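J.: Here you go, this is start20.cif (mmCIF, C-alpha atoms).
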data_work
#
loop_
_atom_site.label_atom_id
_atom_site.label_comp_id
_atom_site.auth_asym_id
_atom_site.auth_seq_id
_atom_site.Cartn_x
_atom_site.Cartn_y
_atom_site.Cartn_z
CA MET A 1 -183.33 -17.60 -107.12
CA ALA A 2 -181.30 -19.83 -104.82
CA VAL A 3 -179.92 -17.13 -102.53
CA THR A 4 -178.70 -18.32 -99.12
CA HIS A 5 -177.91 -16.02 -96.19
CA LEU A 6 -175.02 -17.66 -94.33
CA LYS A 7 -174.89 -14.63 -92.04
CA ARG A 8 -177.59 -11.98 -91.58
CA SER A 9 -177.55 -8.51 -89.97
CA LYS A 10 -179.99 -7.37 -87.28
CA PRO A 11 -183.70 -6.96 -88.21
CA GLU A 12 -184.90 -3.81 -89.97
CA ALA A 13 -187.34 -3.05 -87.12
CA GLU A 14 -184.49 -2.60 -84.66
CA LYS A 15 -182.67 -0.29 -87.06
CA ALA A 16 -185.86 1.78 -87.55
CA GLU A 17 -186.26 2.20 -83.79
CA GLU A 18 -182.75 3.65 -83.54
CA ASP A 19 -183.51 6.06 -86.41
CA ALA A 20 -186.66 7.34 -84.66
CA LYS A 21 -184.71 8.28 -81.53
CA VAL A 22 -182.17 10.22 -83.59
CA ARG A 23 -184.96 12.10 -85.45
CA SER A 24 -186.47 13.40 -82.21
CA VAL A 25 -183.15 14.65 -80.79
CA VAL A 26 -182.23 16.42 -84.03
CA GLU A 27 -185.61 18.14 -84.37
CA SER A 28 -185.47 19.71 -80.89
CA THR A 29 -181.79 20.67 -81.28
CA LEU A 30 -182.32 22.46 -84.60
CA ALA A 31 -185.30 24.34 -83.11
CA ASP A 32 -183.08 25.47 -80.24
CA ILE A 33 -180.37 26.71 -82.64
CA GLU A 34 -182.99 28.61 -84.62
CA ALA A 35 -184.41 30.21 -81.46
CA ARG A 36 -181.18 31.04 -79.61
CA GLY A 37 -178.45 31.15 -82.24
CA ASP A 38 -174.88 31.48 -80.95
CA ALA A 39 -175.88 30.78 -77.34
CA ALA A 40 -177.37 27.42 -78.27
CA VAL A 41 -174.34 26.52 -80.41
CA ARG A 42 -172.00 27.34 -77.52
CA GLU A 43 -174.01 25.27 -75.03
CA LEU A 44 -174.04 22.29 -77.38
CA SER A 45 -170.30 22.59 -77.99
CA GLU A 46 -169.62 22.73 -74.25
CA LYS A 47 -171.90 19.75 -73.63
CA PHE A 48 -170.68 17.43 -76.40
CA ASP A 49 -167.13 18.59 -77.11
CA GLY A 50 -166.07 20.36 -73.88
CA TYR A 51 -165.05 23.26 -76.10
CA SER A 52 -165.93 26.94 -75.68
CA PRO A 53 -163.43 29.27 -77.39
CA GLU A 54 -163.73 33.02 -77.67
CA SER A 55 -164.63 32.51 -81.34
CA PHE A 56 -165.52 29.26 -83.10
CA ARG A 57 -164.13 30.69 -86.33
CA LEU A 58 -160.38 30.32 -86.71
CA SER A 59 -158.37 33.46 -87.47
CA GLN A 60 -155.59 33.43 -90.06
CA SER A 61 -152.99 33.22 -87.29
CA GLU A 62 -154.81 30.29 -85.66
CA ILE A 63 -154.93 28.50 -89.03
CA GLU A 64 -151.20 29.04 -89.48
CA ALA A 65 -150.50 27.85 -85.92
CA ALA A 66 -152.49 24.65 -86.49
CA MET A 67 -150.80 23.97 -89.82
CA SER A 68 -147.36 24.42 -88.27
CA GLN A 69 -148.07 21.35 -86.13
CA VAL A 70 -148.48 19.08 -89.18
CA SER A 71 -145.35 17.13 -90.06
CA ALA A 72 -143.64 17.65 -93.40
CA ARG A 73 -144.48 14.07 -94.46
CA ASP A 74 -148.18 14.51 -93.58
CA MET A 75 -148.31 17.81 -95.48
CA GLU A 76 -146.72 16.12 -98.48
CA ASP A 77 -149.29 13.30 -98.32
CA ILE A 78 -152.21 15.74 -98.02
CA LYS A 79 -150.90 17.66 -101.02
CA PHE A 80 -150.57 14.43 -103.05
CA ALA A 81 -154.16 13.41 -102.24
CA GLN A 82 -155.48 16.89 -103.07
CA ASP A 83 -153.59 16.87 -106.39
CA GLN A 84 -155.35 13.61 -107.39
CA ILE A 85 -158.79 14.83 -106.30
CA ARG A 86 -158.30 18.21 -107.99
CA ARG A 87 -157.18 16.59 -111.25
CA PHE A 88 -160.27 14.38 -111.46
CA ALA A 89 -162.64 17.19 -110.38
CA GLU A 90 -161.19 19.51 -113.03
CA ALA A 91 -161.72 16.85 -115.68
CA GLN A 92 -165.33 16.43 -114.51
CA ARG A 93 -165.87 20.22 -114.58
CA ALA A 94 -164.49 20.41 -118.11
CA SER A 95 -167.08 17.81 -119.21
CA MET A 96 -169.94 20.12 -118.16
CA THR A 97 -170.31 22.68 -120.92
CA ASP A 98 -172.70 25.56 -121.38
CA ILE A 99 -174.84 25.08 -124.49
CA GLU A 100 -176.82 27.26 -126.88
CA VAL A 101 -178.83 25.89 -129.79
CA GLU A 102 -181.21 27.37 -132.38
CA THR A 103 -184.10 24.88 -132.26
CA LEU A 104 -186.17 26.72 -134.88
CA PRO A 105 -185.26 29.71 -137.06
CA GLY A 106 -185.16 32.65 -134.63
CA VAL A 107 -185.64 30.54 -131.45
CA VAL A 108 -182.51 30.24 -129.33
CA LEU A 109 -182.37 28.03 -126.20
CA GLY A 110 -179.44 27.45 -123.90
CA HIS A 111 -178.21 26.62 -120.46
CA LYS A 112 -175.45 27.85 -118.18
CA ASN A 113 -173.74 26.00 -115.33
CA ILE A 114 -173.58 28.38 -112.37
CA PRO A 115 -171.89 27.59 -109.03
CA VAL A 116 -173.92 27.51 -105.84
CA GLN A 117 -173.00 30.78 -104.12
CA SER A 118 -172.23 29.46 -100.62
CA VAL A 119 -171.58 25.97 -99.28
CA GLY A 120 -171.12 24.57 -95.78
CA CYS A 121 -168.71 21.62 -95.73
CA TYR A 122 -168.90 19.37 -92.67
CA VAL A 123 -165.84 17.28 -91.84
CA PRO A 124 -166.38 14.54 -89.22
CA GLY A 125 -164.12 14.28 -86.19
CA GLY A 126 -164.98 12.14 -83.18
CA LYS A 127 -163.49 8.66 -83.16
CA PHE A 128 -161.68 9.16 -86.47
CA PRO A 129 -160.80 12.72 -87.61
CA MET A 130 -161.64 12.52 -91.32
CA VAL A 131 -158.91 14.60 -92.95
CA ALA A 132 -159.86 13.21 -96.37
CA SER A 133 -163.41 14.58 -96.11
CA ALA A 134 -162.01 18.10 -96.29
CA HIS A 135 -160.49 17.33 -99.70
CA MET A 136 -163.71 15.77 -100.94
CA SER A 137 -166.01 18.67 -100.12
CA VAL A 138 -163.93 21.85 -99.81
CA LEU A 139 -161.57 21.23 -102.72
CA THR A 140 -164.33 19.99 -105.03
CA ALA A 141 -166.45 23.07 -104.25
CA SER A 142 -163.40 25.21 -104.99
CA VAL A 143 -162.91 23.57 -108.41
CA ALA A 144 -166.60 24.23 -109.12
CA GLY A 145 -166.02 27.95 -108.44
CA VAL A 146 -168.15 28.34 -105.30
CA PRO A 147 -167.39 31.90 -104.07
CA ARG A 148 -168.00 31.27 -100.34
CA ILE A 149 -166.88 27.95 -98.86
CA VAL A 150 -167.47 27.49 -95.13
CA ALA A 151 -165.85 24.47 -93.47
CA SER A 152 -166.44 23.07 -90.00
CA ALA A 153 -165.05 20.16 -88.01
CA PRO A 154 -165.33 19.28 -84.32
CA PRO A 155 -162.40 19.81 -81.94
CA VAL A 156 -160.23 16.80 -81.23
CA ASP A 157 -158.82 16.60 -77.69
CA GLY A 158 -160.17 20.08 -77.00
CA LYS A 159 -158.55 21.89 -79.91
CA PRO A 160 -158.65 22.21 -83.70
CA HIS A 161 -157.27 19.14 -85.47
CA PRO A 162 -154.10 20.41 -87.25
CA ALA A 163 -154.29 18.13 -90.31
CA ILE A 164 -158.01 18.82 -90.86
CA VAL A 165 -157.38 22.58 -90.64
CA ALA A 166 -154.49 22.21 -93.11
CA ALA A 167 -156.65 20.22 -95.55
CA MET A 168 -159.51 22.75 -95.32
CA HIS A 169 -157.20 25.71 -95.84
CA MET A 170 -155.22 24.12 -98.68
CA GLY A 171 -158.49 22.97 -100.27
CA GLY A 172 -159.78 26.55 -100.51
CA ALA A 173 -162.05 27.17 -97.50
CA HIS A 174 -162.86 30.84 -96.95
CA GLU A 175 -164.13 30.40 -93.37
CA ILE A 176 -163.05 27.64 -90.98
CA TYR A 177 -165.01 26.84 -87.80
CA VAL A 178 -164.27 24.41 -85.00
CA MET A 179 -167.75 23.00 -84.36
CA GLY A 180 -169.14 19.49 -84.50
CA GLY A 181 -172.36 17.57 -84.84
CA ILE A 182 -175.85 19.02 -85.11
CA GLN A 183 -174.63 22.42 -83.91
CA ALA A 184 -172.22 22.72 -86.84
CA VAL A 185 -174.61 21.85 -89.66
CA GLY A 186 -177.46 23.69 -87.91
CA ALA A 187 -175.44 26.88 -87.51
CA MET A 188 -174.20 26.79 -91.12
CA ALA A 189 -177.67 26.18 -92.57
CA ILE A 190 -179.84 28.30 -90.26
CA GLY A 191 -177.29 31.01 -89.48
CA THR A 192 -176.61 32.70 -86.15
CA GLU A 193 -175.61 36.19 -85.02
CA SER A 194 -172.00 35.43 -86.01
CA ILE A 195 -172.42 33.02 -88.96
CA ASP A 196 -174.15 33.88 -92.22
CA PRO A 197 -176.26 30.96 -93.48
CA VAL A 198 -175.14 28.97 -96.52
CA HIS A 199 -177.15 27.80 -99.51
CA MET A 200 -176.01 24.15 -99.42
CA LEU A 201 -174.66 21.59 -96.94
CA VAL A 202 -172.29 18.79 -97.91
CA GLY A 203 -170.16 16.14 -96.25
CA PRO A 204 -170.58 12.91 -94.29
CA GLY A 205 -171.16 12.59 -90.56
CA ASN A 206 -172.68 10.42 -87.86
CA ALA A 207 -176.38 9.55 -87.64
CA PHE A 208 -177.20 12.89 -85.99
CA VAL A 209 -175.42 14.92 -88.69
CA ALA A 210 -177.09 12.90 -91.45
CA GLU A 211 -180.53 13.39 -89.89
CA ALA A 212 -179.89 17.11 -89.38
CA LYS A 213 -179.07 17.45 -93.08
CA ARG A 214 -182.26 15.56 -93.93
CA GLN A 215 -184.38 17.88 -91.79
CA LEU A 216 -182.68 21.00 -93.18
CA PHE A 217 -183.13 19.91 -96.81
CA GLY A 218 -185.41 22.39 -98.54
CA ARG A 219 -184.19 25.29 -96.45
CA VAL A 220 -180.81 24.51 -97.99
CA GLY A 221 -179.64 22.08 -100.61
CA ILE A 222 -177.69 19.00 -99.59
CA ASP A 223 -175.34 16.70 -101.44
CA LEU A 224 -177.18 13.47 -100.54
CA PHE A 225 -178.66 11.50 -97.66
CA ALA A 226 -175.62 9.77 -96.18
CA GLY A 227 -175.93 7.10 -93.51
CA PRO A 228 -173.22 4.86 -92.05
CA THR A 229 -170.51 3.58 -94.37
CA GLU A 230 -171.58 0.49 -96.36
CA THR A 231 -169.20 -1.96 -98.00
CA MET A 232 -170.06 -4.81 -100.33
CA LEU A 233 -167.72 -7.37 -101.83
CA ILE A 234 -168.76 -9.27 -104.95
CA ALA A 235 -166.22 -12.06 -105.09
CA ASP A 236 -165.63 -15.46 -106.64
CA GLU A 237 -162.83 -17.98 -106.22
CA THR A 238 -160.32 -15.77 -108.07
CA VAL A 239 -159.61 -14.19 -104.64
CA ASP A 240 -158.95 -15.57 -101.18
CA ALA A 241 -160.51 -15.23 -97.75
CA GLU A 242 -157.73 -13.10 -96.26
CA LEU A 243 -158.26 -10.38 -98.88
CA CYS A 244 -162.05 -10.50 -98.47
CA ALA A 245 -161.98 -10.42 -94.67
CA THR A 246 -159.46 -7.56 -94.64
CA ASP A 247 -161.61 -5.50 -96.98
CA LEU A 248 -164.82 -6.16 -95.02
CA LEU A 249 -163.36 -5.34 -91.60
CA GLY A 250 -161.33 -2.43 -92.96
CA GLN A 251 -164.59 -0.58 -93.52
CA ALA A 252 -166.54 -2.07 -90.59
CA GLU A 253 -164.19 -0.15 -88.27
CA HIS A 254 -165.86 3.15 -89.31
CA GLY A 255 -168.55 2.84 -86.64
CA TYR A 256 -170.69 0.45 -84.64
CA ASN A 257 -173.34 0.31 -87.38
CA SER A 258 -171.37 0.10 -90.64
CA PRO A 259 -172.87 -2.59 -92.88
CA ALA A 260 -170.42 -4.97 -94.56
CA CYS A 261 -171.59 -7.64 -97.00
CA LEU A 262 -169.98 -10.44 -98.97
CA ILE A 263 -171.84 -11.75 -102.02
CA THR A 264 -170.25 -14.83 -103.55
CA ASP A 265 -170.98 -17.92 -105.61
CA SER A 266 -168.44 -19.93 -103.61
CA ARG A 267 -169.50 -21.57 -100.34
CA LYS A 268 -165.84 -22.32 -99.65
CA LEU A 269 -164.88 -18.63 -99.95
CA ALA A 270 -167.88 -17.60 -97.84
CA GLU A 271 -167.08 -19.96 -94.97
CA GLU A 272 -163.35 -19.27 -95.07
CA THR A 273 -163.99 -15.50 -95.08
CA MET A 274 -166.22 -15.74 -91.99
CA ALA A 275 -163.51 -17.75 -90.22
CA GLU A 276 -160.84 -15.28 -91.33
CA CYS A 277 -162.93 -12.37 -89.99
CA GLU A 278 -162.93 -14.00 -86.56
CA ARG A 279 -159.14 -14.46 -86.72
CA LEU A 280 -158.52 -10.84 -87.73
CA LEU A 281 -160.89 -9.48 -85.09
CA ASP A 282 -158.59 -10.99 -82.45
CA ILE A 283 -155.67 -8.85 -83.63
CA LEU A 284 -157.22 -5.72 -85.24
CA PRO A 285 -156.57 -2.64 -83.04
CA THR A 286 -160.02 -1.26 -83.93
CA ALA A 287 -161.69 -4.61 -83.28
CA GLU A 288 -164.10 -3.27 -80.66
CA THR A 289 -165.87 -1.17 -83.29
CA ALA A 290 -165.38 -3.52 -86.23
CA ARG A 291 -166.65 -6.55 -84.30
CA THR A 292 -169.92 -4.83 -83.34
CA SER A 293 -170.51 -3.75 -86.95
CA TRP A 294 -169.67 -7.19 -88.31
CA GLU A 295 -171.85 -9.03 -85.77
CA ASP A 296 -174.87 -6.68 -86.02
CA TYR A 297 -174.61 -5.40 -89.61
CA GLY A 298 -172.61 -8.05 -91.47
CA ASP A 299 -174.11 -10.21 -94.22
CA VAL A 300 -172.73 -13.17 -96.15
CA ILE A 301 -174.90 -14.12 -99.13
CA LEU A 302 -174.33 -17.21 -101.24
CA CYS A 303 -175.67 -17.21 -104.81
CA ASP A 304 -175.76 -19.78 -107.58
CA SER A 305 -174.49 -17.59 -110.41
CA HIS A 306 -173.00 -14.24 -111.37
CA GLU A 307 -176.43 -13.18 -112.65
CA GLU A 308 -177.90 -13.77 -109.18
CA MET A 309 -174.99 -11.96 -107.55
CA LEU A 310 -175.59 -8.99 -109.83
CA GLN A 311 -179.30 -8.88 -109.03
CA VAL A 312 -178.75 -9.06 -105.27
CA ALA A 313 -176.07 -6.35 -105.47
CA ASN A 314 -178.28 -4.01 -107.50
CA ASP A 315 -181.20 -4.60 -105.11
CA MET A 316 -179.08 -3.79 -102.05
CA ALA A 317 -177.52 -0.71 -103.74
CA TYR A 318 -174.59 -0.38 -101.33
CA GLU A 319 -172.29 2.61 -101.07
CA HIS A 320 -168.95 0.94 -101.83
CA VAL A 321 -169.03 -2.10 -104.10
CA GLN A 322 -165.75 -3.96 -104.51
CA VAL A 323 -165.77 -6.39 -107.44
CA MET A 324 -163.15 -9.15 -107.46
CA THR A 325 -164.20 -11.75 -110.03
CA ASP A 326 -163.22 -13.28 -113.35
CA ARG A 327 -165.55 -10.77 -115.10
CA ASP A 328 -165.12 -7.37 -113.43
CA ASP A 329 -165.90 -5.42 -116.61
CA TRP A 330 -169.20 -7.30 -116.94
CA TYR A 331 -170.21 -5.95 -113.53
CA LEU A 332 -169.10 -2.43 -114.53
CA GLU A 333 -171.35 -2.72 -117.58
CA ASN A 334 -174.37 -4.13 -115.72
CA MET A 335 -174.34 -2.59 -112.23
CA HIS A 336 -176.81 0.30 -112.05
CA SER A 337 -177.41 1.00 -108.34
CA TYR A 338 -174.40 1.73 -106.11
CA GLY A 339 -172.24 4.55 -104.78
CA ALA A 340 -168.86 3.74 -106.32
CA LEU A 341 -167.30 0.63 -107.87
CA PHE A 342 -163.82 -0.65 -107.06
CA LEU A 343 -162.75 -3.09 -109.74
CA GLY A 344 -160.23 -5.89 -109.27
CA PRO A 345 -158.15 -7.11 -106.33
CA ARG A 346 -155.52 -4.36 -106.76
CA THR A 347 -158.17 -1.73 -106.03
CA ASN A 348 -159.68 -1.16 -102.61
CA VAL A 349 -162.16 1.11 -100.88
CA ALA A 350 -159.53 2.71 -98.65
CA ASN A 351 -157.81 4.11 -101.76
CA GLY A 352 -161.08 5.72 -102.79
CA ASP A 353 -161.64 7.03 -99.28
CA LYS A 354 -158.29 8.77 -99.00
CA VAL A 355 -156.21 9.35 -102.08
CA ILE A 356 -157.03 7.93 -105.52
CA GLY A 357 -158.99 10.97 -106.73
CA THR A 358 -162.66 9.99 -106.85
CA ASN A 359 -164.99 11.42 -104.21
CA HIS A 360 -165.71 9.43 -101.04
CA THR A 361 -168.99 11.13 -100.13
CA LEU A 362 -171.37 8.55 -101.57
CA PRO A 363 -175.04 7.48 -101.36
CA THR A 364 -176.05 4.96 -98.68
CA LYS A 365 -179.31 3.29 -97.61
CA LYS A 366 -180.21 2.46 -101.23
CA ALA A 367 -179.96 6.10 -102.37
CA GLY A 368 -177.67 4.82 -105.14
CA ARG A 369 -180.88 3.88 -106.95
CA TYR A 370 -181.52 7.57 -107.70
CA THR A 371 -178.30 9.52 -107.16
CA GLY A 372 -174.56 9.26 -107.52
CA GLY A 373 -172.09 10.64 -105.01
CA LEU A 374 -170.66 14.09 -104.38
CA TRP A 375 -168.81 15.49 -107.39
CA VAL A 376 -168.03 18.85 -108.91
CA GLY A 377 -171.42 18.87 -110.67
CA LYS A 378 -173.29 18.87 -107.32
CA PHE A 379 -171.99 22.39 -106.72
CA LEU A 380 -173.23 23.59 -110.10
CA LYS A 381 -176.79 24.54 -110.99
CA THR A 382 -177.81 24.18 -114.61
CA HIS A 383 -180.03 27.13 -115.55
CA SER A 384 -181.84 27.48 -118.87
CA TYR A 385 -182.54 30.63 -120.88
CA GLN A 386 -184.56 31.43 -124.00
CA ARG A 387 -184.37 34.12 -126.67
CA ILE A 388 -186.59 34.76 -129.72
CA THR A 389 -184.75 36.84 -132.30
CA THR A 390 -187.23 37.32 -135.20
CA ASP A 391 -190.77 38.61 -135.58
CA GLU A 392 -191.73 35.51 -137.55
CA ALA A 393 -190.62 33.18 -134.76
CA ALA A 394 -192.40 35.25 -132.10
CA ALA A 395 -195.69 35.06 -134.03
CA MET A 396 -195.36 31.39 -134.92
CA VAL A 397 -194.47 30.19 -131.41
CA GLY A 398 -197.12 32.56 -130.04
CA GLU A 399 -199.85 30.88 -132.08
CA TYR A 400 -198.96 27.44 -130.75
CA GLY A 401 -198.60 28.80 -127.23
CA SER A 402 -201.96 30.57 -127.34
CA ARG A 403 -203.86 27.47 -128.41
CA LEU A 404 -202.12 25.24 -125.85
CA CYS A 405 -202.84 27.74 -123.06
CA MET A 406 -206.53 27.85 -123.99
CA LEU A 407 -206.60 24.04 -124.09
CA GLU A 408 -205.84 24.18 -120.35
CA GLY A 409 -208.12 27.15 -119.66
CA PHE A 410 -205.32 29.63 -118.93
CA VAL A 411 -206.70 32.78 -120.59
CA GLY A 412 -204.09 35.13 -119.13
CA HIS A 413 -201.32 32.84 -120.29
CA ALA A 414 -202.86 32.80 -123.78
CA GLU A 415 -202.94 36.59 -123.88
CA GLN A 416 -199.18 36.71 -123.25
CA CYS A 417 -198.84 34.76 -126.49
CA ASN A 418 -201.59 36.72 -128.32
CA ILE A 419 -200.02 40.12 -127.76
CA ARG A 420 -196.89 38.85 -129.49
CA VAL A 421 -198.97 37.51 -132.40
CA ARG A 422 -200.59 40.96 -132.74
CA ARG A 423 -197.38 42.93 -132.43
CA TYR A 424 -194.96 40.78 -134.36
CA GLY A 425 -197.26 38.86 -136.72
CA GLY A 426 -199.59 41.68 -137.72
CA ARG A 427 -202.68 39.60 -136.82
CA ASN A 428 -205.55 40.95 -134.76
CA VAL A 429 -206.23 38.29 -132.11
CA ALA A 430 -208.92 39.36 -129.64
CA TYR A 431 -208.31 39.12 -125.87
CA GLY A 432 -209.26 35.70 -124.60
CA ASP A 433 -209.26 34.04 -128.03
CA ALA A 434 -206.76 31.43 -129.14
CA ALA A 435 -204.59 32.41 -132.07
CA GLN A 436 -205.83 30.20 -134.91
#
Can you give me the file's structure in the form of structure tokens?

T.:
Amino acid sequence: MAVTHLKRSKPEAEKAEEDAKVRSVVESTLADIEARGDAAVRELSEKFDGYSPESFRLSQSEIEAAMSQVSARDMEDIKFAQDQIRRFAEAQRASMTDIEVETLPGVVLGHKNIPVQSVGCYVPGGKFPMVASAHMSVLTASVAGVPRIVASAPPVDGKPHPAIVAAMHMGGAHEIYVMGGIQAVGAMAIGTESIDPVHMLVGPGNAFVAEAKRQLFGRVGIDLFAGPTETMLIADETVDAELCATDLLGQAEHGYNSPACLITDSRKLAEETMAECERLLDILPTAETARTSWEDYGDVILCDSHEEMLQVANDMAYEHVQVMTDRDDWYLENMHSYGALFLGPRTNVANGDKVIGTNHTLPTKKAGRYTGGLWVGKFLKTHSYQRITTDEAAAMVGEYGSRLCMLEGFVGHAEQCNIRVRRYGGRNVAYGDAAQ
């Protein structure tokens, strides 16, 4: 392959060193929450957010007061976004059917899709209050039928963020907390004197939130391992540098470590896009953040062909993959490792982030090789059941089962099968023998 890196992000060793520091902080913080509960949560909130209310959970009147501060236009926009997300989630839910099938005469197998019983939805605040994340997690859990939805977001300027509270409430949250960071996900997963623990954690967050979810996985379920936002453009000369640079920097503004990558078969487009990025960084209001991401985590990769571009893209398995080429459907057919695809120049990642209807909580750090993003199905557990309805089937399956158990040396297992052969098949199989 003739792949040329015209621009390369910082070395993996440096990134790994940063991850190790985060791991250590998260481990000690979660241990403190487990040991001291509400007291630890309050101390962390005071330290990181300067926030220490009488109760971290919002009352109905506090929810109403926050929502009253949201303008009519913003409420209308939130409702529009939630309508799109709900419509797609409902269509996804309808595609997941319970099944029951008679595999042999008298042998009935099936499965049911059952909602997770309680979910903690984290909505990031900090530099950018992520109103849209409330739609993605809370509303999708609601469509799935989760009976207890807990939502938490950090305070912004020392108080609940009105639009986030509105989105959580309108999305279907049953409990709303004003807590951020490790203390929020730790409290929801571990539980404290005032918060009952949940069964599952979902939602994006900073490196500390992502690591906390990773360390809590097993104790609770999680949606996926989500690192910093990643954006990839696969582009050829059907598009121009201004469009490419805008789409790269538009996502690089998420944080100081948000990878952005251009893969192209056009040296001209590559060089013009790098120049255009420099021009835009001089005028972009969020340039301080976007510049650091672009300089430290930006890649520009030149390939010889679309086949090479496809291979590099699948190997990198980025979260958002924007395809703007003369063969977008070919990429849709052949891409297998990514978070979400955005096809054609009319489409962009910001639409997916905020309003179009697909979910924006997506796999990063190559997790797209083994999982898709958050969707209504993540809140559903598929449970199987079995039923034997005839004596003949009980005896016949029992004979096979008995022999296969004895093949592995499981005598007690075999006897579970044998007793059915004796009772329902009228055959006298001795204890410890395989039904012949």

J.: Here is a test: counting all atoms listed in the file, which residue of A:Leu139, A:Ala367, A:Ala395, A:Val202 is nearest to Ile85 (chain A)?

T.: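 Under the stated criterion, the closest residue is A:Leu139.
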
J.: Taking the file above as input, evaluate the PyMOL selection byres ((chain A and resi 411) around 9) and report the hits as a list of chain:residue names.

T.: A:Ser402, A:Cys405, A:Met406, A:Glu408, A:Gly409, A:Phe410, A:Gly412, A:His413, A:Ala414, A:Glu415, A:Gln416, A:Tyr431, A:Gly432, A:Asp433, A:Ala434

J.: Keeping only C-alpha atoms, write the selected residues as a PDB file, keeping the file's coordinate frame.

T.:
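Generated output (result27.pdb):
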ATOM      1  CA  SER A 402    -201.960  30.570-127.340  1.00  0.00           C
ATOM      2  CA  CYS A 405    -202.840  27.740-123.060  1.00  0.00           C
ATOM      3  CA  MET A 406    -206.530  27.850-123.990  1.00  0.00           C
ATOM      4  CA  GLU A 408    -205.840  24.180-120.350  1.00  0.00           C
ATOM      5  CA  GLY A 409    -208.120  27.150-119.660  1.00  0.00           C
ATOM      6  CA  PHE A 410    -205.320  29.630-118.930  1.00  0.00           C
ATOM      7  CA  GLY A 412    -204.090  35.130-119.130  1.00  0.00           C
ATOM      8  CA  HIS A 413    -201.320  32.840-120.290  1.00  0.00           C
ATOM      9  CA  ALA A 414    -202.860  32.800-123.780  1.00  0.00           C
ATOM     10  CA  GLU A 415    -202.940  36.590-123.880  1.00  0.00           C
ATOM     11  CA  GLN A 416    -199.180  36.710-123.250  1.00  0.00           C
ATOM     12  CA  TYR A 431    -208.310  39.120-125.870  1.00  0.00           C
ATOM     13  CA  GLY A 432    -209.260  35.700-124.600  1.00  0.00           C
ATOM     14  CA  ASP A 433    -209.260  34.040-128.030  1.00  0.00           C
ATOM     15  CA  ALA A 434    -206.760  31.430-129.140  1.00  0.00           C
TER      16      ALA A 434
END

J.: Which residue out of A:Ala241, A:Val116, A:Val146, A:Val185 has the minimum interatomic distance to Phe217 (chain A) when only C-alpha atoms are used?

T.: A:Val185

J.: For the file shown, report as a PyMOL selection string the outcome of the PyMOL selection byres ((chain A and resi 348) around 12) at residue level.

T.: chain A and resi 231-233+243-244+246-248+250-251+320-324+340-347+349-356

J.: Using all atoms listed in the file - which residues lie no farther than 9 Å from the point (-175.7, 21.0, -86.2) in the file's frame? Write them as an mmCIF file with C-alpha atoms, in the coordinates of the input.

T.:
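The resulting result16.cif:
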data_model
loop_
_atom_site.group_PDB
_atom_site.id
_atom_site.type_symbol
_atom_site.label_atom_id
_atom_site.label_comp_id
_atom_site.auth_asym_id
_atom_site.auth_seq_id
_atom_site.Cartn_x
_atom_site.Cartn_y
_atom_site.Cartn_z
ATOM 1 C CA VAL A 26 -182.230 16.420 -84.030
ATOM 2 C CA THR A 29 -181.790 20.670 -81.280
ATOM 3 C CA LEU A 30 -182.320 22.460 -84.600
ATOM 4 C CA ILE A 33 -180.370 26.710 -82.640
ATOM 5 C CA VAL A 41 -174.340 26.520 -80.410
ATOM 6 C CA MET A 179 -167.750 23.000 -84.360
ATOM 7 C CA GLY A 180 -169.140 19.490 -84.500
ATOM 8 C CA GLY A 181 -172.360 17.570 -84.840
ATOM 9 C CA ILE A 182 -175.850 19.020 -85.110
ATOM 10 C CA GLN A 183 -174.630 22.420 -83.910
ATOM 11 C CA ALA A 184 -172.220 22.720 -86.840
ATOM 12 C CA VAL A 185 -174.610 21.850 -89.660
ATOM 13 C CA GLY A 186 -177.460 23.690 -87.910
ATOM 14 C CA ALA A 187 -175.440 26.880 -87.510
ATOM 15 C CA MET A 188 -174.200 26.790 -91.120
ATOM 16 C CA ALA A 189 -177.670 26.180 -92.570
ATOM 17 C CA PHE A 208 -177.200 12.890 -85.990
ATOM 18 C CA VAL A 209 -175.420 14.920 -88.690
ATOM 19 C CA ALA A 212 -179.890 17.110 -89.380
ATOM 20 C CA LYS A 213 -179.070 17.450 -93.080
#

J.: Take CA of Ser9 (chain A) and CA of Leu362 (chain A) and report the distance between them in Å, one decimal.

T.: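 Between these atoms lies a distance of 21.5 Å.
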
J.: Need the shell around Ala153 (chain A): protein/DNA/RNA residues with any atom at most 12 Å away, counting all atoms listed in the file. Skip same-chain ones fewer than 5 positions apart. Format as a ChimeraX atom specification?

T.: /A:45,49,56-58,120-126,128-131,133-134,138,159-168,175-185,188,203-205,209

J.: Spell out the residues picked by the PyMOL selection byres ((chain A and resi 80) around 12) here, as a VMD selection string.

T.: chain A and resid 73 to 79 81 to 87 132 135 167 170 to 171 354 to 357

J.: Could you work out how far CA of Ile222 (chain A) lies from CA of Gly377 (chain A), giving the answer in Å with one decimal?

T.: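 It comes out at 12.7 Å.
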
J.: Just checking: using only C-alpha atoms, which residue out of A:Ala430, A:Ala65, A:Leu407, A:Val107 ends up closest to Asp391 (chain A)?

T.: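 Smallest separation from Asp391 (chain A) among the options: A:Val107.
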
J.: Work out how far apart CA of Gly426 (chain A) and CA of Gln386 (chain A) are and give it in Å to one decimal.

T.: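 Taking CA of Gly426 (chain A) as the start and CA of Gln386 (chain A) as the end point, the length is 22.8 Å.
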
J.: Using all atoms listed in the file, pick whichever of A:Pro155, A:Val25, A:Val143, A:Cys277 has the shortest atom-to-atom distance to Phe88 (chain A).

T.: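 So, comparing all the options, the nearest one is A:Val143.
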
J.: Quick one: of A:Ala16, A:Ile99, A:Ala210, A:Met200, who's nearest to Gly227 (chain A), counting all atoms listed in the file?

T.: A:Ala210
